[in-house]
file coords_32.cif (mmCIF, C-alpha atoms)
data_run
loop_
_atom_site.label_atom_id
_atom_site.label_comp_id
_atom_site.auth_asym_id
_atom_site.auth_seq_id
_atom_site.Cartn_x
_atom_site.Cartn_y
_atom_site.Cartn_z
CA MET A 1 -37.62 20.24 36.16
CA GLU A 2 -40.93 21.91 36.94
CA LYS A 3 -44.08 20.44 35.46
CA ASN A 4 -44.87 23.55 33.39
CA GLU A 5 -41.39 23.64 31.85
CA TYR A 6 -41.55 19.95 31.05
CA GLN A 7 -44.93 20.42 29.36
CA ARG A 8 -43.64 23.38 27.37
CA LEU A 9 -40.70 21.38 26.04
CA LYS A 10 -42.94 18.40 25.32
CA ASN A 11 -45.34 20.59 23.34
CA LEU A 12 -42.49 22.19 21.39
CA ALA A 13 -41.09 18.76 20.55
CA GLU A 14 -44.46 17.50 19.35
CA SER A 15 -44.98 20.59 17.20
CA GLY A 16 -41.55 20.17 15.62
CA ILE A 17 -42.25 16.53 14.83
CA LYS A 18 -45.65 17.25 13.29
CA ASP A 19 -44.62 20.45 11.46
CA HIS A 20 -41.03 20.11 10.23
CA SER A 21 -40.76 23.85 9.59
CA ARG A 22 -40.95 24.23 13.39
CA ALA A 23 -38.27 21.64 14.10
CA ARG A 24 -35.60 24.32 14.43
CA GLU A 25 -37.59 26.12 17.12
CA ALA A 26 -38.03 22.87 19.02
CA PHE A 27 -34.35 21.96 18.62
CA GLU A 28 -33.16 25.36 19.87
CA ALA A 29 -35.34 24.99 22.97
CA LEU A 30 -34.34 21.39 23.77
CA TYR A 31 -30.62 21.48 22.84
CA PRO A 32 -29.39 23.73 25.69
CA VAL A 33 -31.45 21.73 28.20
CA TRP A 34 -29.82 18.53 26.91
CA LYS A 35 -26.36 20.14 26.93
CA ASP A 36 -26.75 21.13 30.59
CA GLY A 37 -27.72 17.56 31.42
CA ASN A 38 -31.25 18.50 32.42
CA LEU A 39 -33.25 16.83 29.65
CA PRO A 40 -35.83 14.47 31.22
CA GLU A 41 -35.40 10.86 30.12
CA ARG A 42 -39.03 10.86 29.01
CA LEU A 43 -38.14 13.42 26.32
CA ASN A 44 -35.20 11.44 24.90
CA ASN A 45 -37.16 9.88 22.07
CA SER A 46 -38.98 13.12 21.22
CA PHE A 47 -35.69 15.04 21.13
CA ALA A 48 -34.20 12.36 18.87
CA TRP A 49 -37.01 12.84 16.34
CA VAL A 50 -36.71 16.64 16.62
CA ILE A 51 -33.00 16.32 15.76
CA TYR A 52 -33.80 14.22 12.71
CA TYR A 53 -36.52 16.50 11.33
CA HIS A 54 -34.43 19.61 12.06
CA VAL A 55 -31.44 18.19 10.18
CA ARG A 56 -33.52 16.79 7.31
CA HIS A 57 -35.52 20.00 6.84
CA GLU A 58 -32.42 22.22 6.70
CA GLN A 59 -29.71 19.83 5.52
CA THR A 60 -28.83 21.82 2.39
CA THR A 61 -28.44 25.15 4.19
CA MET A 62 -27.48 24.17 7.74
CA PRO A 63 -23.85 25.04 8.62
CA SER A 64 -21.73 21.91 8.92
CA ILE A 65 -20.72 22.62 12.52
CA GLU A 66 -24.39 22.90 13.54
CA MET A 67 -25.22 19.63 11.81
CA ARG A 68 -22.31 17.90 13.52
CA GLN A 69 -23.51 19.18 16.90
CA ALA A 70 -27.02 17.91 16.23
CA LEU A 71 -25.78 14.45 15.21
CA ALA A 72 -23.49 14.30 18.27
CA ALA A 73 -26.45 15.14 20.50
CA TYR A 74 -28.45 12.34 18.92
CA LEU A 75 -25.70 9.77 19.52
CA SER A 76 -25.65 10.64 23.23
CA LEU A 77 -29.34 9.81 23.69
CA ASP A 78 -30.54 6.52 25.09
CA ASN A 79 -33.09 5.54 22.46
CA GLU A 80 -34.08 2.45 20.50
CA ARG A 81 -31.37 0.93 18.29
CA PRO A 82 -31.74 -0.45 15.70
CA SER A 83 -34.82 1.43 14.58
CA ARG A 84 -36.27 3.35 11.65
CA LEU A 85 -35.11 6.62 13.23
CA HIS A 86 -31.59 5.30 13.82
CA SER A 87 -31.31 4.36 10.14
CA ARG A 88 -32.55 7.77 9.05
CA ILE A 89 -29.92 9.47 11.19
CA LEU A 90 -27.24 7.37 9.45
CA LEU A 91 -28.58 8.57 6.11
CA MET A 92 -28.23 12.18 7.29
CA ALA A 93 -24.64 11.50 8.31
CA THR A 94 -23.76 10.09 4.87
CA ARG A 95 -25.23 13.20 3.26
CA LEU A 96 -23.21 15.43 5.56
CA LYS A 97 -20.02 13.62 4.55
CA ASP A 98 -20.88 14.15 0.89
CA ARG A 99 -20.70 17.91 1.37
CA ASP A 100 -18.24 18.14 4.27
CA THR A 101 -15.07 16.14 3.72
CA GLU A 102 -13.76 17.14 7.16
CA PHE A 103 -16.60 15.33 8.93
CA LYS A 104 -15.18 12.21 10.63
CA PHE A 105 -17.75 9.74 9.40
CA SER A 106 -15.77 6.69 10.52
CA LYS A 107 -15.93 7.87 14.14
CA PHE A 108 -19.65 8.55 13.78
CA PHE A 109 -20.32 5.12 12.25
CA ASP A 110 -18.41 3.40 15.05
CA MET A 111 -20.55 5.18 17.64
CA TRP A 112 -23.74 4.64 15.64
CA GLY A 113 -23.03 0.90 15.74
CA MET A 114 -22.49 -1.10 12.55
CA ASN A 115 -24.44 -4.01 13.99
CA ASN A 116 -27.49 -1.74 14.07
CA LEU A 117 -27.94 -1.93 10.29
CA THR A 118 -31.29 -3.50 9.44
CA ASP A 119 -32.36 -5.54 6.42
CA GLU A 120 -34.10 -2.44 5.06
CA ASP A 121 -30.82 -0.52 5.19
CA TRP A 122 -29.44 -2.97 2.61
CA GLN A 123 -32.27 -2.47 0.15
CA GLN A 124 -31.37 -0.51 -2.96
CA ASP A 125 -33.83 2.12 -4.12
CA LYS A 126 -35.10 1.90 -7.70
CA LYS A 127 -36.82 4.74 -9.51
CA GLU A 128 -38.08 5.18 -13.04
CA GLY A 129 -36.24 7.78 -15.08
CA ARG A 130 -36.25 8.98 -18.66
CA ASP A 131 -33.85 6.24 -19.72
CA GLY A 132 -35.47 3.47 -17.68
CA THR A 133 -35.02 2.22 -14.13
CA VAL A 134 -32.30 3.90 -12.08
CA THR A 135 -30.86 2.01 -9.10
CA PHE A 136 -29.50 3.93 -6.10
CA ILE A 137 -27.15 2.36 -3.58
CA SER A 138 -28.56 1.47 -0.18
CA VAL A 139 -27.85 3.28 3.08
CA ALA A 140 -25.63 0.39 4.18
CA GLU A 141 -23.60 0.55 0.96
CA HIS A 142 -23.19 4.30 1.20
CA ALA A 143 -21.95 4.03 4.78
CA ILE A 144 -19.53 1.20 3.94
CA ARG A 145 -18.05 3.10 1.00
CA ILE A 146 -17.47 6.26 3.00
CA TYR A 147 -16.07 4.34 5.97
CA ALA A 148 -13.70 2.26 3.83
CA LYS A 149 -12.45 5.35 2.00
CA GLU A 150 -11.73 7.20 5.24
CA LEU A 151 -9.84 4.23 6.69
CA HIS A 152 -7.75 3.95 3.54
CA GLU A 153 -6.97 7.67 3.44
CA ASN A 154 -5.90 7.54 7.09
CA LYS A 155 -3.82 4.38 6.47
CA ALA A 156 -5.56 2.66 9.35
CA THR A 157 -4.14 -0.59 10.74
CA GLU A 158 -6.74 -1.09 13.46
CA PHE A 159 -10.38 -1.68 12.62
CA ASN A 160 -13.75 -1.95 14.28
CA PRO A 161 -14.24 -5.75 14.65
CA ASP A 162 -17.75 -5.36 13.21
CA PHE A 163 -16.43 -3.99 9.90
CA GLU A 164 -15.11 -7.28 8.47
CA PRO A 165 -18.40 -9.22 8.90
CA LEU A 166 -20.14 -6.17 7.44
CA LEU A 167 -17.98 -6.43 4.31
CA VAL A 168 -18.57 -10.19 4.11
CA LYS A 169 -22.31 -9.53 4.18
CA ALA A 170 -21.96 -6.86 1.48
CA VAL A 171 -20.08 -9.31 -0.76
CA LYS A 172 -22.88 -11.87 -0.36
CA GLN A 173 -25.63 -9.28 -0.73
CA PHE A 174 -24.18 -7.80 -3.93
CA PRO A 175 -22.15 -10.60 -5.57
CA THR A 176 -21.70 -8.74 -8.87
CA GLN A 177 -20.17 -5.69 -7.14
CA SER A 178 -16.39 -6.11 -7.11
CA LEU A 179 -15.99 -3.00 -4.92
CA TYR A 180 -16.85 -4.80 -1.67
CA LYS A 181 -14.54 -7.68 -2.56
CA TYR A 182 -11.84 -5.06 -3.02
CA TYR A 183 -12.50 -3.49 0.38
CA LEU A 184 -12.26 -6.94 1.96
CA ALA A 185 -8.96 -7.68 0.20
CA ARG A 186 -7.61 -4.33 1.33
CA LEU A 187 -8.67 -5.06 4.90
CA TYR A 188 -6.83 -8.39 4.86
CA ALA A 189 -3.69 -6.63 3.63
CA ALA A 190 -3.91 -3.82 6.18
CA THR A 191 -4.27 -6.31 9.04
CA GLY A 192 -1.28 -8.39 7.96
CA ARG A 193 -3.18 -11.40 6.58
CA LYS A 194 -1.08 -11.59 3.46
CA THR A 195 -2.14 -15.05 2.28
CA LYS A 196 -5.83 -14.16 2.44
CA ALA A 197 -5.12 -10.79 0.82
CA LEU A 198 -3.24 -12.36 -2.10
CA LYS A 199 -6.02 -14.88 -2.65
CA ALA A 200 -8.66 -12.14 -2.59
CA TYR A 201 -6.70 -9.89 -4.94
CA LYS A 202 -6.07 -12.77 -7.31
CA LYS A 203 -9.81 -13.38 -7.61
CA LEU A 204 -10.36 -9.68 -8.23
CA ALA A 205 -7.69 -9.59 -10.92
CA LEU A 206 -9.58 -12.32 -12.80
CA ILE A 207 -12.85 -10.38 -12.90
CA THR A 208 -11.88 -6.70 -13.11
CA GLY A 209 -9.32 -4.78 -15.11
CA GLN A 210 -8.66 -1.95 -12.68
CA SER A 211 -5.16 -0.52 -12.36
CA TYR A 212 -5.38 -0.20 -8.57
CA ILE A 213 -5.86 -3.97 -8.17
CA TRP A 214 -2.46 -4.56 -9.76
CA SER A 215 -0.87 -1.68 -7.89
CA ASP A 216 -2.00 -3.19 -4.57
CA LEU A 217 -0.87 -6.65 -5.67
CA ALA A 218 2.59 -5.32 -6.49
CA ALA A 219 2.93 -4.15 -2.90
CA LEU A 220 2.08 -7.66 -1.63
CA LEU A 221 4.18 -9.75 -4.01
CA THR A 222 7.70 -10.68 -2.88
CA ASP A 223 8.92 -12.28 -6.10
CA PRO A 224 10.65 -9.40 -7.97
CA VAL A 225 9.68 -10.76 -11.41
CA GLN A 226 6.01 -11.01 -10.48
CA ARG A 227 6.14 -7.65 -8.73
CA GLN A 228 7.61 -6.01 -11.80
CA ALA A 229 4.95 -7.63 -13.97
CA ALA A 230 2.18 -6.36 -11.67
CA LEU A 231 3.53 -2.81 -11.82
CA CYS A 232 3.74 -3.02 -15.61
CA LYS A 233 0.16 -4.27 -15.76
CA ALA A 234 -0.98 -1.39 -13.56
CA LEU A 235 0.81 1.12 -15.78
CA LEU A 236 -0.75 -0.33 -18.93
CA LEU A 237 -4.25 -0.20 -17.42
CA GLN A 238 -4.04 3.27 -15.84
CA ARG A 239 -5.40 5.82 -18.31
CA ASP A 240 -4.82 8.85 -16.09
CA ALA A 241 -1.12 9.63 -16.39
CA ASN A 242 -1.27 11.82 -13.28
CA LYS A 243 -1.95 8.71 -11.17
CA THR A 244 1.07 6.70 -12.30
CA GLY A 245 3.86 8.47 -10.41
CA ARG A 246 4.11 5.95 -7.56
CA LEU A 247 4.03 3.08 -10.07
CA HIS A 248 6.95 4.55 -12.04
CA LEU A 249 8.99 4.88 -8.85
CA GLY A 250 8.27 1.31 -7.79
CA LEU A 251 9.26 -0.05 -11.18
CA ALA A 252 12.39 2.12 -11.30
CA GLN A 253 13.52 0.69 -7.96
CA LEU A 254 13.22 -2.89 -9.27
CA LEU A 255 15.00 -2.03 -12.53
CA ILE A 256 17.87 -0.41 -10.64
CA LYS A 257 18.33 -3.63 -8.65
CA GLU A 258 18.59 -5.48 -11.97
CA LYS A 259 21.06 -2.84 -13.21
CA LYS A 260 18.73 -1.98 -16.08
CA PHE A 261 19.69 1.66 -15.79
CA PRO A 262 18.35 3.04 -19.12
CA GLU A 263 14.94 1.53 -18.38
CA ALA A 264 15.05 2.78 -14.77
CA ALA A 265 15.98 6.27 -15.97
CA CYS A 266 12.97 6.21 -18.28
CA GLU A 267 10.66 5.49 -15.35
CA LEU A 268 12.25 8.21 -13.23
CA ARG A 269 11.90 10.70 -16.08
CA GLN A 270 8.20 9.92 -16.40
CA TYR A 271 7.72 10.39 -12.65
CA ARG A 272 9.58 13.72 -12.77
CA ASP A 273 7.58 14.94 -15.77
CA ILE A 274 4.25 14.17 -14.07
CA TYR A 275 5.17 15.92 -10.84
CA THR A 276 6.79 18.90 -12.54
CA ARG A 277 3.80 19.37 -14.82
CA ASN A 278 1.44 19.42 -11.85
CA GLY A 279 3.67 21.56 -9.64
CA TRP A 280 4.06 18.75 -7.11
CA HIS A 281 7.04 18.22 -4.81
CA LEU A 282 9.50 15.58 -5.99
CA SER A 283 9.86 13.02 -3.20
CA ASP A 284 13.07 12.27 -1.36
CA TYR A 285 12.68 8.67 -2.52
CA TYR A 286 12.84 9.83 -6.13
CA GLN A 287 16.04 11.75 -5.36
CA ARG A 288 17.63 8.65 -3.81
CA LEU A 289 16.69 6.51 -6.80
CA ARG A 290 17.95 9.15 -9.24
CA HIS A 291 21.37 9.14 -7.56
CA SER A 292 21.44 5.32 -7.86
CA VAL A 293 21.48 5.58 -11.65
CA PRO A 294 24.89 6.34 -13.21
CA ALA A 295 25.03 9.98 -14.31
CA ALA A 296 25.97 9.16 -17.92
CA THR A 297 22.93 6.89 -18.43
CA GLN A 298 20.75 7.72 -21.42
CA PRO A 299 17.11 6.96 -20.57
CA GLN A 300 15.28 4.44 -22.67
CA ARG A 301 12.89 6.30 -24.96
CA ASP A 302 9.87 4.13 -24.17
CA ASN A 303 9.39 1.19 -21.79
CA LYS A 304 6.16 -0.12 -23.36
CA PRO A 305 7.97 -3.16 -24.87
CA LEU A 306 9.31 -3.93 -21.38
CA TYR A 307 5.80 -3.68 -19.94
CA GLN A 308 4.40 -6.11 -22.51
CA SER A 309 7.21 -8.63 -22.19
CA SER A 310 6.83 -8.70 -18.40
CA LEU A 311 3.19 -9.78 -18.42
CA ALA A 312 3.86 -13.45 -19.13
CA ALA A 313 5.17 -13.78 -15.56
CA LEU A 314 1.63 -13.18 -14.28
CA ASP A 315 0.03 -16.18 -15.98
CA GLU A 316 1.22 -18.79 -13.52
CA PHE A 317 0.42 -16.54 -10.56
CA LEU A 318 -3.08 -15.74 -11.79
CA TYR A 319 -4.31 -18.93 -13.31
CA SER A 320 -2.55 -21.77 -11.48
CA ASP A 321 -5.53 -22.24 -9.12
CA LEU A 322 -8.03 -22.62 -11.96
CA PRO A 323 -8.80 -26.23 -12.95
CA GLU A 324 -8.06 -27.27 -16.51
CA MET A 325 -11.12 -28.14 -18.60
CA PRO A 326 -11.31 -30.09 -21.88
CA LEU A 327 -12.17 -28.17 -25.06
CA THR A 328 -12.85 -29.59 -28.53
CA PHE A 329 -12.19 -27.56 -31.68
CA THR A 330 -15.18 -27.75 -34.08
CA THR A 331 -14.72 -25.13 -36.78
CA GLU A 332 -13.12 -21.85 -37.75
CA PHE A 333 -14.57 -18.94 -39.67
CA LYS A 334 -13.96 -15.31 -40.62
CA ASP A 335 -15.64 -12.87 -38.23
CA LYS A 336 -17.18 -9.49 -39.12
CA ARG A 337 -13.78 -7.81 -38.91
CA GLY A 338 -12.20 -10.34 -41.22
CA ASN A 339 -10.27 -12.16 -38.49
CA MET A 340 -10.14 -15.96 -38.43
CA THR A 341 -11.97 -17.19 -35.34
CA ALA A 342 -12.07 -20.71 -33.90
CA ARG A 343 -15.11 -22.26 -32.25
CA LEU A 344 -14.48 -24.76 -29.45
CA VAL A 345 -16.94 -26.45 -27.11
CA MET A 346 -16.79 -27.56 -23.51
CA ASP A 347 -18.08 -30.94 -22.35
CA SER A 348 -21.26 -29.11 -21.31
CA GLY A 349 -21.81 -28.09 -24.93
CA LYS A 350 -21.15 -24.39 -24.28
CA ALA A 351 -19.22 -22.73 -27.08
CA VAL A 352 -16.02 -20.71 -26.67
CA PHE A 353 -14.56 -18.48 -29.39
CA LEU A 354 -10.86 -17.71 -29.81
CA PRO A 355 -8.55 -16.18 -32.41
CA ALA A 356 -7.65 -19.12 -34.63
CA LEU A 357 -3.96 -18.24 -34.26
CA ARG A 358 -4.11 -19.53 -30.66
CA LEU A 359 -4.74 -23.08 -31.87
CA ALA A 360 -1.92 -25.55 -32.47
CA SER A 361 -1.34 -27.64 -35.61
CA ASP A 362 0.22 -31.08 -36.08
CA THR A 363 3.24 -31.83 -38.24
CA GLN A 364 1.02 -31.94 -41.36
CA GLY A 365 -0.38 -28.47 -40.60
CA VAL A 366 -3.80 -29.80 -39.53
CA ARG A 367 -5.47 -28.07 -36.59
CA ILE A 368 -5.33 -30.10 -33.37
CA ARG A 369 -8.89 -30.80 -32.17
CA HIS A 370 -8.56 -31.53 -28.44
CA TYR A 371 -7.22 -29.14 -25.79
CA MET A 372 -6.98 -28.52 -22.08
CA ALA A 373 -7.80 -24.97 -21.02
CA ARG A 374 -8.11 -22.80 -17.96
CA ILE A 375 -11.26 -20.73 -18.25
CA VAL A 376 -12.44 -17.67 -16.35
CA ASN A 377 -16.23 -17.55 -15.85
CA PRO A 378 -16.93 -20.91 -17.54
CA ASP A 379 -20.68 -20.54 -16.93
CA ASP A 380 -21.03 -16.95 -18.08
CA ARG A 381 -19.08 -15.36 -20.95
CA PRO A 382 -16.20 -17.86 -20.70
CA ARG A 383 -12.71 -16.52 -21.36
CA VAL A 384 -9.84 -18.90 -22.15
CA VAL A 385 -6.66 -17.79 -20.37
CA THR A 386 -4.40 -20.80 -20.96
CA LEU A 387 -4.62 -23.36 -23.74
CA ARG A 388 -2.55 -26.46 -24.55
CA PRO A 389 -3.09 -29.56 -26.73
CA ARG A 390 -4.52 -32.48 -24.79
CA GLU A 391 -1.97 -35.23 -24.24
#
call {"tool": "encode", "arguments": {"input": "coords_32.cif", "output": "structure tokens"}}
result
Amino acid sequence: MEKNEYQRLKNLAESGIKDHSRAREAFEALYPVWKDGNLPERLNNSFAWVIYYHVRHEQTTMPSIEMRQALAAYLSLDNERPSRLHSRILLMATRLKDRDTEFKFSKFFDMWGMNNLTDEDWQQDKKEGRDGTVTFISVAEHAIRIYAKELHENKATEFNPDFEPLLVKAVKQFPTQSLYKYYLARLYAATGRKTKALKAYKKLALITGQSYIWSDLAALLTDPVQRQAALCKALLLQRDANKTGRLHLGLAQLLIKEKKFPEAACELRQYRDIYTRNGWHLSDYYQRLRHSVPAATQPQRDNKPLYQSSLAALDEFLYSDLPEMPLTFTTEFKDKRGNMTARLVMDSGKAVFLPALRLASDTQGVRIRHYMARIVNPDDRPRVVTLRPRE
């Protein structure tokens, strides 16, 4: 490249970096030179900054295809990584994905390099609003969430080896966020590590009441009783009826194996009603299950009693790993709603409150004072999940 042309491009780049309204002009001059493979190495860093300011300045109006081309050009450059610029480019990519669902963010993130995330990328942004402080997720969190969602939607079974340690770090960085624990559990399941997946999902089930946790667990459990209970739990927790179709089919399949045809027919009817109401195609699997139920079968009117009665099978699965702790009954009283409530204390002196009906009585009708209990979150808002008189 001639000296004059080099200087012209250098000046354009500098003007675009200093005055962001001129970043487009600089980009349009440098991009074809880069595309033809004639961009001097000395202009790599300047072109990288031009790309960033061009994208940032016009991100709300820039056509998606143009933004993709700009980000692809950036990734091809040999510049410093990790760096402040590299992190800013990742931020632009997350924003592009927010408005362009077709953008393959997972491919971009792989090329960007997950190990290039810096400590600053993990810092959440806090701003004062009308109702107090508002916390915004960090760049790292945003990238992880988009990446994990894409992998799940694509039913991926192979993963970037850097993604698992990234999730482990996210779990440690944000211990109160169950979402990253969920992504990790899902990764274990997708990579065939069933034991680790079950353990991770079990922990999640103890701290969050999300339907999808139980739906995923049902797919991992091999015991038909436990699997049925998990599906029932998922159905009871899911408030959006349009999201229960797959659960109804799974439960119907188990009920057919048990020859509980009226109950199975009830589940199939609910699946059919959901899909018909939404104009969705009834699956071939549904048709096969429907033909497995005798034609004269009258569907059960409502399977809610079945759902409730199935839940007891989950107790041993969920709570068997929790250690039993001693509790001592101290008093009972009527709460604000008029319900009799019992107060018990742990050895540490921390109080636990339960419906008095959960306590046992001796042959004279006197409340038993000493118990062994399994407790979720014993140090913070303890919840008694199993309770028996101490021997």
call {"tool": "residues_around", "arguments": {"input": "coords_32.cif", "residues": "Lys260 of chain A", "least_positions_apart": "2", "cutoff": "12 Å", "atoms": "all atoms listed in the file", "output": "PyMOL selection string"}}
result
chain A and resi 251-258+262-267+292-294+297-300+303+306
call {"tool": "resolve_selection", "arguments": {"input": "coords_32.cif", "expression": "the PyMOL selection byres ((chain A and resi 144-149) around 10)", "output": "PyMOL selection string"}}
result
chain A and resi 94+97-98+104-110+114+138-143+150-156+163+166-167+170+179-180+183-184+186-187
call {"tool": "closest_residue", "arguments": {"input": "coords_32.cif", "among": "A:Gln7, A:Lys203, A:Ala313, A:Gly129", "to": "Asn377 of chain A", "atoms": "all atoms listed in the file"}}
result
A:Lys203
call {"tool": "residues_around", "arguments": {"input": "coords_32.cif", "residues": "segment 212-214 of chain A", "least_positions_apart": "3", "cutoff": "6 Å", "atoms": "all atoms listed in the file", "output": "JSON, numbers by chain"}}
result
{"A": [217, 230, 234]}
call {"tool": "residues_around", "arguments": {"input": "coords_32.cif", "residues": "Leu249 of chain A", "least_positions_apart": "5", "cutoff": "7 Å", "atoms": "all atoms listed in the file", "output": "JSON, numbers by chain"}}
result
{"A": [267, 268, 271, 286]}
call {"tool": "atom_distance", "arguments": {"input": "coords_32.cif", "atom1": "atom CA of Ala190 of chain A", "atom2": "atom CA of Asp216 of chain A"}}
result
10.9 Å
call {"tool": "closest_residue", "arguments": {"input": "coords_32.cif", "among": "A:Ile274, A:Ile51, A:Ile137, A:Leu90", "to": "Lys243 of chain A", "atoms": "all atoms listed in the file"}}
result
A:Ile274
call {"tool": "resolve_selection", "arguments": {"input": "coords_32.cif", "expression": "the PyMOL selection byres ((chain A and resi 59) around 12)", "output": "PyMOL selection string"}}
result
chain A and resi 24+51-58+60-68+70-71+89+91-100
call {"tool": "resolve_selection", "arguments": {"input": "coords_32.cif", "expression": "the PyMOL selection byres ((chain A and resi 311) around 9)", "output": "MDAnalysis selection string"}}
result
chainID A and resid 226 228:230 232:233 306:310 312:315
call {"tool": "atom_distance", "arguments": {"input": "coords_32.cif", "atom1": "atom CA of Leu198 of chain A", "atom2": "atom CA of Leu247 of chain A"}}
result
18.8 Å
call {"tool": "closest_residue", "arguments": {"input": "coords_32.cif", "among": "A:Ala48, A:Leu354, A:Ala360, A:Val171", "to": "Gly16 of chain A", "atoms": "all atoms listed in the file"}}
result
A:Ala48
call {"tool": "closest_residue", "arguments": {"input": "coords_32.cif", "among": "A:Glu28, A:Asp36, A:Glu14, A:Asp380", "to": "Ile207 of chain A", "atoms": "only C-alpha atoms"}}
result
A:Asp380
call {"tool": "decode", "arguments": {"input": "coords_32.cif", "residues": "segment 272-336 of chain A", "atoms": "C-alpha atoms", "output": "mmCIF file, in the first residue's frame"}}
result
data_model
loop_
_atom_site.group_PDB
_atom_site.id
_atom_site.type_symbol
_atom_site.label_atom_id
_atom_site.label_comp_id
_atom_site.auth_asym_id
_atom_site.auth_seq_id
_atom_site.Cartn_x
_atom_site.Cartn_y
_atom_site.Cartn_z
ATOM 1 C CA ARG A 272 -55.573 -32.632 22.630
ATOM 2 C CA ASP A 273 -57.547 -29.676 23.991
ATOM 3 C CA ILE A 274 -54.409 -27.550 24.387
ATOM 4 C CA TYR A 275 -53.144 -28.263 20.891
ATOM 5 C CA THR A 276 -56.540 -27.915 19.238
ATOM 6 C CA ARG A 277 -57.181 -24.615 20.998
ATOM 7 C CA ASN A 278 -53.875 -23.227 19.757
ATOM 8 C CA GLY A 279 -54.155 -24.658 16.252
ATOM 9 C CA TRP A 280 -51.084 -26.849 16.776
ATOM 10 C CA HIS A 281 -50.408 -30.171 15.058
ATOM 11 C CA LEU A 282 -51.187 -33.236 17.163
ATOM 12 C CA SER A 283 -48.029 -35.337 17.343
ATOM 13 C CA ASP A 284 -47.699 -38.858 16.019
ATOM 14 C CA TYR A 285 -46.752 -39.912 19.548
ATOM 15 C CA TYR A 286 -50.134 -38.706 20.786
ATOM 16 C CA GLN A 287 -51.854 -40.755 18.077
ATOM 17 C CA ARG A 288 -49.939 -43.888 19.105
ATOM 18 C CA LEU A 289 -50.833 -43.385 22.765
ATOM 19 C CA ARG A 290 -54.480 -42.712 21.906
ATOM 20 C CA HIS A 291 -54.708 -46.038 20.059
ATOM 21 C CA SER A 292 -53.208 -47.784 23.126
ATOM 22 C CA VAL A 293 -56.264 -46.848 25.197
ATOM 23 C CA PRO A 294 -59.327 -49.080 24.712
ATOM 24 C CA ALA A 295 -61.907 -47.290 22.567
ATOM 25 C CA ALA A 296 -64.718 -47.661 25.118
ATOM 26 C CA THR A 297 -62.709 -45.971 27.906
ATOM 27 C CA GLN A 298 -64.424 -43.052 29.616
ATOM 28 C CA PRO A 299 -61.804 -40.455 30.581
ATOM 29 C CA GLN A 300 -61.435 -39.562 34.218
ATOM 30 C CA ARG A 301 -62.983 -36.139 34.765
ATOM 31 C CA ASP A 302 -60.036 -34.709 36.697
ATOM 32 C CA ASN A 303 -56.641 -36.173 37.613
ATOM 33 C CA LYS A 304 -55.806 -33.648 40.353
ATOM 34 C CA PRO A 305 -56.368 -36.255 43.128
ATOM 35 C CA LEU A 306 -53.934 -38.545 41.288
ATOM 36 C CA TYR A 307 -51.375 -35.727 41.100
ATOM 37 C CA GLN A 308 -51.603 -35.056 44.835
ATOM 38 C CA SER A 309 -51.449 -38.701 45.869
ATOM 39 C CA SER A 310 -48.340 -39.260 43.732
ATOM 40 C CA LEU A 311 -46.242 -36.608 45.474
ATOM 41 C CA ALA A 312 -45.393 -38.711 48.523
ATOM 42 C CA ALA A 313 -43.075 -40.788 46.312
ATOM 43 C CA LEU A 314 -40.795 -37.753 45.966
ATOM 44 C CA ASP A 315 -40.014 -37.367 49.660
ATOM 45 C CA GLU A 316 -37.445 -40.139 49.876
ATOM 46 C CA PHE A 317 -35.860 -39.085 46.585
ATOM 47 C CA LEU A 318 -35.612 -35.435 47.576
ATOM 48 C CA TYR A 319 -34.764 -35.495 51.228
ATOM 49 C CA SER A 320 -32.828 -38.717 51.848
ATOM 50 C CA ASP A 321 -29.477 -36.899 51.532
ATOM 51 C CA LEU A 322 -30.366 -34.278 54.141
ATOM 52 C CA PRO A 323 -29.121 -35.046 57.675
ATOM 53 C CA GLU A 324 -31.702 -35.362 60.421
ATOM 54 C CA MET A 325 -31.540 -32.658 63.094
ATOM 55 C CA PRO A 326 -33.082 -32.655 66.593
ATOM 56 C CA LEU A 327 -36.027 -30.322 67.258
ATOM 57 C CA THR A 328 -37.735 -29.608 70.578
ATOM 58 C CA PHE A 329 -41.384 -28.532 70.767
ATOM 59 C CA THR A 330 -41.808 -25.517 73.093
ATOM 60 C CA THR A 331 -45.290 -24.112 72.604
ATOM 61 C CA GLU A 332 -48.257 -23.766 70.296
ATOM 62 C CA PHE A 333 -50.432 -20.753 69.593
ATOM 63 C CA LYS A 334 -53.098 -19.411 67.253
ATOM 64 C CA ASP A 335 -51.644 -17.387 64.380
ATOM 65 C CA LYS A 336 -53.200 -14.309 62.730
#
